[in-house]
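As provided, entry-v3.cif (mmCIF, C-alpha atoms) reads as follows.
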```cif
data_run
#
loop_
_atom_site.label_atom_id
_atom_site.label_comp_id
_atom_site.auth_asym_id
_atom_site.auth_seq_id
_atom_site.Cartn_x
_atom_site.Cartn_y
_atom_site.Cartn_z
CA MET A 16 21.38 -26.49 43.93
CA ALA A 17 24.02 -24.98 41.68
CA ASP A 18 22.67 -26.90 38.70
CA MET A 19 19.16 -25.73 39.46
CA GLU A 20 20.22 -22.13 39.99
CA GLU A 21 22.26 -22.09 36.81
CA HIS A 22 19.52 -23.72 34.82
CA SER A 23 16.82 -21.43 36.15
CA ALA A 24 18.99 -18.38 35.47
CA THR A 25 19.52 -19.53 31.90
CA ALA A 26 15.89 -20.42 31.40
CA SER A 27 14.71 -17.04 32.71
CA ASP A 28 16.84 -15.30 30.12
CA ALA A 29 14.15 -15.49 27.46
CA CYS A 30 12.06 -12.30 27.60
CA THR A 31 9.49 -11.88 24.84
CA GLY A 32 6.11 -10.32 24.23
CA VAL A 33 4.34 -7.42 25.87
CA ASP A 34 5.84 -8.07 29.31
CA ARG A 35 9.37 -7.85 27.99
CA GLN A 36 10.53 -4.89 30.07
CA ASP A 37 8.77 -6.20 33.18
CA CYS A 38 10.41 -9.55 32.53
CA GLU A 39 13.84 -7.94 32.19
CA VAL A 40 13.46 -6.06 35.46
CA ARG A 41 12.44 -9.33 37.09
CA GLN A 42 15.45 -11.09 35.62
CA ILE A 43 17.78 -8.50 37.10
CA LEU A 44 15.95 -8.65 40.44
CA ASP A 45 16.39 -12.39 40.23
CA ARG A 46 20.12 -11.83 39.96
CA VAL A 47 20.67 -9.16 42.60
CA ALA A 48 17.89 -10.37 44.88
CA ASP A 49 19.79 -13.55 45.56
CA LYS A 50 21.40 -14.43 48.85
CA TRP A 51 24.75 -15.46 47.39
CA SER A 52 24.95 -12.49 45.01
CA LEU A 53 24.19 -10.09 47.86
CA LEU A 54 26.86 -11.65 50.06
CA VAL A 55 29.48 -11.57 47.28
CA ILE A 56 28.71 -7.94 46.45
CA ALA A 57 28.72 -6.95 50.13
CA LEU A 58 32.16 -8.55 50.57
CA LEU A 59 33.64 -7.08 47.38
CA ASP A 60 32.27 -3.71 48.40
CA GLU A 61 34.90 -3.74 51.15
CA GLN A 62 37.86 -5.08 49.19
CA THR A 63 39.11 -6.96 46.16
CA LEU A 64 39.09 -10.69 46.89
CA ARG A 65 40.30 -13.89 45.28
CA PHE A 66 37.97 -16.80 44.60
CA THR A 67 39.42 -18.79 47.50
CA GLU A 68 39.01 -15.82 49.85
CA LEU A 69 35.37 -15.37 48.84
CA ARG A 70 34.70 -19.06 49.32
CA ARG A 71 36.24 -18.97 52.80
CA LYS A 72 34.30 -15.87 53.82
CA ILE A 73 30.94 -17.12 52.54
CA ASP A 74 30.17 -19.94 54.92
CA GLY A 75 28.15 -22.67 53.24
CA ILE A 76 28.59 -21.76 49.56
CA SER A 77 29.80 -24.54 47.30
CA GLN A 78 32.66 -24.01 44.85
CA ARG A 79 30.21 -24.53 42.01
CA MET A 80 27.62 -22.09 43.36
CA LEU A 81 30.29 -19.45 43.93
CA THR A 82 31.56 -20.00 40.38
CA VAL A 83 28.04 -19.64 38.96
CA THR A 84 27.30 -16.60 41.12
CA LEU A 85 30.52 -14.81 40.15
CA ARG A 86 29.99 -15.59 36.47
CA GLN A 87 26.45 -14.18 36.57
CA LEU A 88 27.64 -11.05 38.40
CA GLU A 89 30.43 -10.62 35.85
CA ARG A 90 27.97 -11.07 33.00
CA ASP A 91 25.72 -8.44 34.60
CA GLY A 92 28.66 -6.01 34.66
CA LEU A 93 28.62 -5.86 38.47
CA VAL A 94 31.86 -7.72 39.15
CA GLU A 95 35.17 -7.58 37.28
CA ARG A 96 37.41 -10.62 37.08
CA THR A 97 41.17 -10.13 36.67
CA VAL A 98 43.47 -13.05 35.93
CA TYR A 99 47.17 -12.71 36.76
CA ALA A 100 49.52 -14.94 34.78
CA VAL A 101 51.41 -16.24 37.80
CA VAL A 102 51.93 -19.76 39.10
CA PRO A 103 49.53 -20.77 40.51
CA PRO A 104 47.21 -18.51 38.46
CA ARG A 105 45.70 -15.73 40.56
CA VAL A 106 42.16 -14.47 39.94
CA ASP A 107 40.91 -11.31 41.64
CA TYR A 108 37.32 -10.16 41.82
CA THR A 109 36.38 -6.52 42.28
CA LEU A 110 33.15 -4.54 42.05
CA THR A 111 32.71 -2.51 38.88
CA PRO A 112 31.52 1.10 39.23
CA LEU A 113 28.02 -0.21 38.41
CA GLY A 114 28.35 -2.90 41.06
CA ALA A 115 29.46 -0.29 43.58
CA THR A 116 26.16 1.55 43.12
CA LEU A 117 24.51 -1.46 44.80
CA HIS A 118 26.25 -0.55 48.06
CA ASP A 119 23.36 1.41 49.58
CA PRO A 120 20.44 -0.85 48.66
CA ILE A 121 22.32 -3.95 49.76
CA ARG A 122 23.55 -2.45 53.01
CA ALA A 123 19.96 -1.39 53.74
CA LEU A 124 18.72 -4.95 53.25
CA VAL A 125 21.53 -6.51 55.30
CA ALA A 126 21.05 -3.92 58.05
CA TRP A 127 17.32 -4.65 58.10
CA THR A 128 18.05 -8.36 58.40
CA GLU A 129 20.48 -7.86 61.27
CA ALA A 130 18.11 -5.46 63.03
CA HIS A 131 15.07 -7.75 62.83
CA GLN A 132 16.50 -11.23 63.11
CA ASN A 133 15.20 -11.70 66.64
CA GLU A 134 11.66 -10.67 65.72
CA ILE A 135 11.76 -13.08 62.79
CA ALA A 136 13.12 -15.90 64.92
CA ALA A 137 10.29 -15.32 67.40
CA ALA A 138 7.71 -15.24 64.59
CA ARG A 139 9.04 -18.53 63.22
CA ALA A 140 8.89 -20.17 66.63
CA ALA A 141 5.28 -18.99 67.12
CA TYR A 142 4.29 -20.15 63.63
CA ASP A 143 5.87 -23.56 64.11
CA ALA A 144 4.07 -23.93 67.45
CA ARG A 145 0.72 -23.04 65.84
CA GLU A 146 1.41 -25.36 62.93
CA ALA A 147 2.17 -28.20 65.32
CA THR A 148 -1.25 -27.82 66.91
CA GLU A 149 -3.37 -26.69 63.94
CA GLY A 150 -1.63 -28.26 60.97
CA LEU A 151 -0.56 -26.51 57.77
CA PRO A 152 -2.69 -23.62 56.51
CA GLN A 153 -4.29 -23.84 53.08
CA ALA A 154 -3.18 -21.40 50.38
CA MET B 202 11.64 -25.15 41.28
CA ALA B 203 9.08 -24.93 44.08
CA ASP B 204 10.17 -28.27 45.46
CA MET B 205 13.78 -27.21 45.39
CA GLU B 206 13.07 -23.85 46.98
CA GLU B 207 10.97 -25.40 49.68
CA HIS B 208 13.51 -28.09 50.36
CA SER B 209 16.43 -25.69 50.45
CA ALA B 210 14.54 -23.37 52.79
CA THR B 211 13.81 -26.27 55.10
CA ALA B 212 17.33 -27.61 54.93
CA SER B 213 18.82 -24.18 55.69
CA ASP B 214 16.77 -24.01 58.87
CA ALA B 215 19.37 -25.90 60.89
CA CYS B 216 21.75 -23.39 62.49
CA THR B 217 24.25 -24.83 64.93
CA GLY B 218 27.75 -24.20 66.18
CA VAL B 219 29.84 -21.07 66.42
CA ASP B 220 28.39 -19.52 63.25
CA ARG B 221 24.86 -19.75 64.57
CA GLN B 222 24.05 -16.03 64.50
CA ASP B 223 25.77 -15.57 61.16
CA CYS B 224 23.81 -18.52 59.88
CA GLU B 225 20.53 -17.07 61.14
CA VAL B 226 21.19 -13.73 59.44
CA ARG B 227 21.94 -15.64 56.26
CA GLN B 228 18.72 -17.63 56.60
CA ILE B 229 16.71 -14.44 56.86
CA LEU B 230 18.61 -12.87 53.95
CA ASP B 231 17.81 -16.05 52.06
CA ARG B 232 14.15 -15.38 52.70
CA VAL B 233 13.94 -11.66 52.00
CA ALA B 234 16.65 -11.67 49.35
CA ASP B 235 14.49 -13.74 47.09
CA LYS B 236 12.89 -12.47 43.90
CA TRP B 237 9.41 -13.83 44.64
CA SER B 238 9.42 -12.68 48.26
CA LEU B 239 10.48 -9.19 47.21
CA LEU B 240 7.74 -9.01 44.60
CA VAL B 241 5.07 -10.23 47.02
CA ILE B 242 6.16 -7.76 49.70
CA ALA B 243 6.33 -4.91 47.19
CA LEU B 244 2.78 -5.67 46.03
CA LEU B 245 1.35 -6.08 49.54
CA ASP B 246 3.06 -2.85 50.51
CA GLU B 247 0.52 -1.10 48.29
CA GLN B 248 -2.62 -3.01 49.26
CA THR B 249 -4.12 -6.14 50.75
CA LEU B 250 -4.42 -8.81 48.10
CA ARG B 251 -5.96 -12.24 47.70
CA PHE B 252 -3.97 -15.25 46.59
CA THR B 253 -5.50 -15.15 43.12
CA GLU B 254 -4.75 -11.42 42.79
CA LEU B 255 -1.11 -11.96 43.79
CA ARG B 256 -0.78 -14.81 41.33
CA ARG B 257 -2.20 -12.68 38.53
CA LYS B 258 0.05 -9.71 39.34
CA ILE B 259 3.25 -11.77 39.61
CA ASP B 260 3.82 -12.85 36.06
CA GLY B 261 5.50 -16.23 35.88
CA ILE B 262 5.06 -17.47 39.45
CA SER B 263 3.52 -20.92 39.83
CA GLN B 264 0.66 -21.57 42.24
CA ARG B 265 2.96 -23.81 44.25
CA MET B 266 5.81 -21.29 44.40
CA LEU B 267 3.41 -18.53 45.46
CA THR B 268 2.00 -20.84 48.15
CA VAL B 269 5.49 -21.66 49.43
CA THR B 270 6.59 -18.01 49.31
CA LEU B 271 3.52 -16.77 51.20
CA ARG B 272 3.86 -19.51 53.80
CA GLN B 273 7.51 -18.62 54.42
CA LEU B 274 6.68 -14.90 54.64
CA GLU B 275 3.87 -15.70 57.07
CA ARG B 276 6.20 -17.87 59.15
CA ASP B 277 8.74 -15.03 59.22
CA GLY B 278 6.05 -12.70 60.58
CA LEU B 279 6.20 -10.47 57.48
CA VAL B 280 2.82 -11.33 55.99
CA GLU B 281 -0.51 -11.95 57.71
CA ARG B 282 -3.05 -14.34 56.26
CA THR B 283 -6.74 -13.82 56.96
CA VAL B 284 -9.34 -16.40 56.02
CA TYR B 285 -12.96 -15.32 55.61
CA ALA B 286 -15.58 -18.02 56.09
CA VAL B 287 -17.48 -17.25 52.90
CA VAL B 288 -18.29 -19.40 49.90
CA PRO B 289 -15.97 -19.70 48.11
CA PRO B 290 -13.50 -19.18 51.00
CA ARG B 291 -11.67 -15.87 50.74
CA VAL B 292 -8.05 -15.51 51.86
CA ASP B 293 -6.46 -12.07 52.17
CA TYR B 294 -2.77 -11.36 52.56
CA THR B 295 -1.47 -8.19 54.17
CA LEU B 296 1.92 -6.97 55.37
CA THR B 297 2.46 -7.09 59.11
CA PRO B 298 4.01 -4.01 60.80
CA LEU B 299 7.33 -5.89 60.66
CA GLY B 300 6.83 -6.61 56.96
CA ALA B 301 6.04 -2.94 56.35
CA THR B 302 9.50 -1.99 57.65
CA LEU B 303 10.90 -3.70 54.54
CA HIS B 304 9.36 -0.96 52.38
CA ASP B 305 12.45 1.21 52.13
CA PRO B 306 15.12 -1.45 51.55
CA ILE B 307 12.99 -3.23 48.96
CA ARG B 308 12.00 -0.06 47.13
CA ALA B 309 15.68 0.88 47.01
CA LEU B 310 16.57 -2.45 45.41
CA VAL B 311 13.70 -2.34 42.92
CA ALA B 312 14.51 1.29 42.06
CA TRP B 313 18.15 0.36 41.50
CA THR B 314 17.07 -2.48 39.22
CA GLU B 315 14.78 -0.26 37.18
CA ALA B 316 17.41 2.49 36.97
CA HIS B 317 20.23 0.21 35.79
CA GLN B 318 18.47 -2.40 33.67
CA ASN B 319 19.82 -0.96 30.42
CA GLU B 320 23.42 -0.96 31.68
CA ILE B 321 23.00 -4.55 32.77
CA ALA B 322 21.44 -5.59 29.48
CA ALA B 323 24.40 -3.99 27.67
CA ALA B 324 26.89 -5.74 29.97
CA ARG B 325 25.21 -9.08 29.32
CA ALA B 326 25.31 -8.57 25.58
CA ALA B 327 29.01 -7.66 25.73
CA TYR B 328 29.79 -10.65 27.97
CA ASP B 329 27.93 -13.05 25.70
CA ALA B 330 29.76 -11.68 22.68
CA ARG B 331 33.14 -12.17 24.41
CA GLU B 332 32.13 -15.62 25.57
CA ALA B 333 31.18 -16.59 22.03
CA THR B 334 34.67 -15.72 20.82
CA GLU B 335 36.79 -16.63 23.86
CA GLY B 336 34.77 -19.42 25.50
CA LEU B 337 33.76 -19.64 29.14
CA PRO B 338 36.14 -18.17 31.74
CA GLN B 339 37.62 -20.40 34.40
CA ALA B 340 36.68 -19.80 38.04
#
```
Step by step, read the file and then write its structure as structure tokens.
Amino acid sequence: MADMEEHSATASDACTGVDRQDCEVRQILDRVADKWSLLVIALLDEQTLRFTELRRKIDGISQRMLTVTLRQLERDGLVERTVYAVVPPRVDYTLTPLGATLHDPIRALVAWTEAHQNEIAAARAAYDAREATEGLPQA
Amino acid sequence: MADMEEHSATASDACTGVDRQDCEVRQILDRVADKWSLLVIALLDEQTLRFTELRRKIDGISQRMLTVTLRQLERDGLVERTVYAVVPPRVDYTLTPLGATLHDPIRALVAWTEAHQNEIAAARAAYDAREATEGLPQA
């Protein structure tokens, strides 16, 4: 997954031709409209965290995916990485002022998700029941 | 990409244990916090569209990825699929009332992206320049 995500992020970096601006907006959407990025930003919006703290708080993320996600967010100027020359080395991650401006849109999306999870669970159950009797729909 | 997305979506469907609710929220975030899903919902928020119209409007999406995305959105109860028995068969996609409630959070995220794309492009250029001289950071 991490390999695929990293590769696709790299591959999508080439924007050329008439759709360049549209492509760039899509690239950024691709970065912020990503489950792991949203979770990292939501957590850092509350406090500065170390890599190990982020990994512990984000259930199910692999070390490699968290590394890739943090590097992309740092590259986008949304997250700042501070290394302290102590033993063992300590690395803190904080939101940049630009990253902090994502607070409202991300909270809105997370709040929507929390508010509607039961409706979605019910819709999925109904869909799966239909699918079991009718088979997969055609595109 | 489509295979991977579809597989990861399927794999993430198993929520068990104490983190079940957290896992379910994450699953839904995984669905709505997805570039293609956001673009489809944003387009359907304006009008009902056919598969071929969606594919044409979403630059860069493959037929398979659009099929997978629409099927997941339909399963989540966010998009409704209507098949008309004409020749050739016509399939319309519209937002459900639940899907329409995503208007505000998604517009906020897209507006943020459009508003900050230049800052992000500048941050990426600066990061790439640093990386070229200092090499990749460690996690």
If we count all atoms listed in the file, which residues of chain B reach to within 7 Å of chain A? Please list them as a ChimeraX atom specification.
/B:226,229-231,234-236,268,276-278,306,309-310,314-315,318,321,324-325,328,340
Those residues with C-alpha atoms, as a PDB file, keeping the file's coordinate frame please?
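What follows is the written file again.pdb:
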```pdb
ATOM      1  CA  VAL B 226      21.190 -13.730  59.440  1.00  0.00           C
ATOM      2  CA  ILE B 229      16.710 -14.440  56.860  1.00  0.00           C
ATOM      3  CA  LEU B 230      18.610 -12.870  53.950  1.00  0.00           C
ATOM      4  CA  ASP B 231      17.810 -16.050  52.060  1.00  0.00           C
ATOM      5  CA  ALA B 234      16.650 -11.670  49.350  1.00  0.00           C
ATOM      6  CA  ASP B 235      14.490 -13.740  47.090  1.00  0.00           C
ATOM      7  CA  LYS B 236      12.890 -12.470  43.900  1.00  0.00           C
ATOM      8  CA  THR B 268       2.000 -20.840  48.150  1.00  0.00           C
ATOM      9  CA  ARG B 276       6.200 -17.870  59.150  1.00  0.00           C
ATOM     10  CA  ASP B 277       8.740 -15.030  59.220  1.00  0.00           C
ATOM     11  CA  GLY B 278       6.050 -12.700  60.580  1.00  0.00           C
ATOM     12  CA  PRO B 306      15.120  -1.450  51.550  1.00  0.00           C
ATOM     13  CA  ALA B 309      15.680   0.880  47.010  1.00  0.00           C
ATOM     14  CA  LEU B 310      16.570  -2.450  45.410  1.00  0.00           C
ATOM     15  CA  THR B 314      17.070  -2.480  39.220  1.00  0.00           C
ATOM     16  CA  GLU B 315      14.780  -0.260  37.180  1.00  0.00           C
ATOM     17  CA  GLN B 318      18.470  -2.400  33.670  1.00  0.00           C
ATOM     18  CA  ILE B 321      23.000  -4.550  32.770  1.00  0.00           C
ATOM     19  CA  ALA B 324      26.890  -5.740  29.970  1.00  0.00           C
ATOM     20  CA  ARG B 325      25.210  -9.080  29.320  1.00  0.00           C
ATOM     21  CA  TYR B 328      29.790 -10.650  27.970  1.00  0.00           C
ATOM     22  CA  ALA B 340      36.680 -19.800  38.040  1.00  0.00           C
TER      23      ALA B 340
END
```
May I ask for the distance between atom CA of Thr111 of chain A and atom CA of Leu64 of chain A, given in Å to one decimal place?
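Atom CA of Leu64 of chain A lies 13.1 Å from atom CA of Thr111 of chain A.
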What gap, in Å, lies between atom CA of Leu244 of chain B and atom CA of Ala144 of chain A?
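Pair atom CA of Leu244 of chain B / atom CA of Ala144 of chain A returns 28.2 Å.
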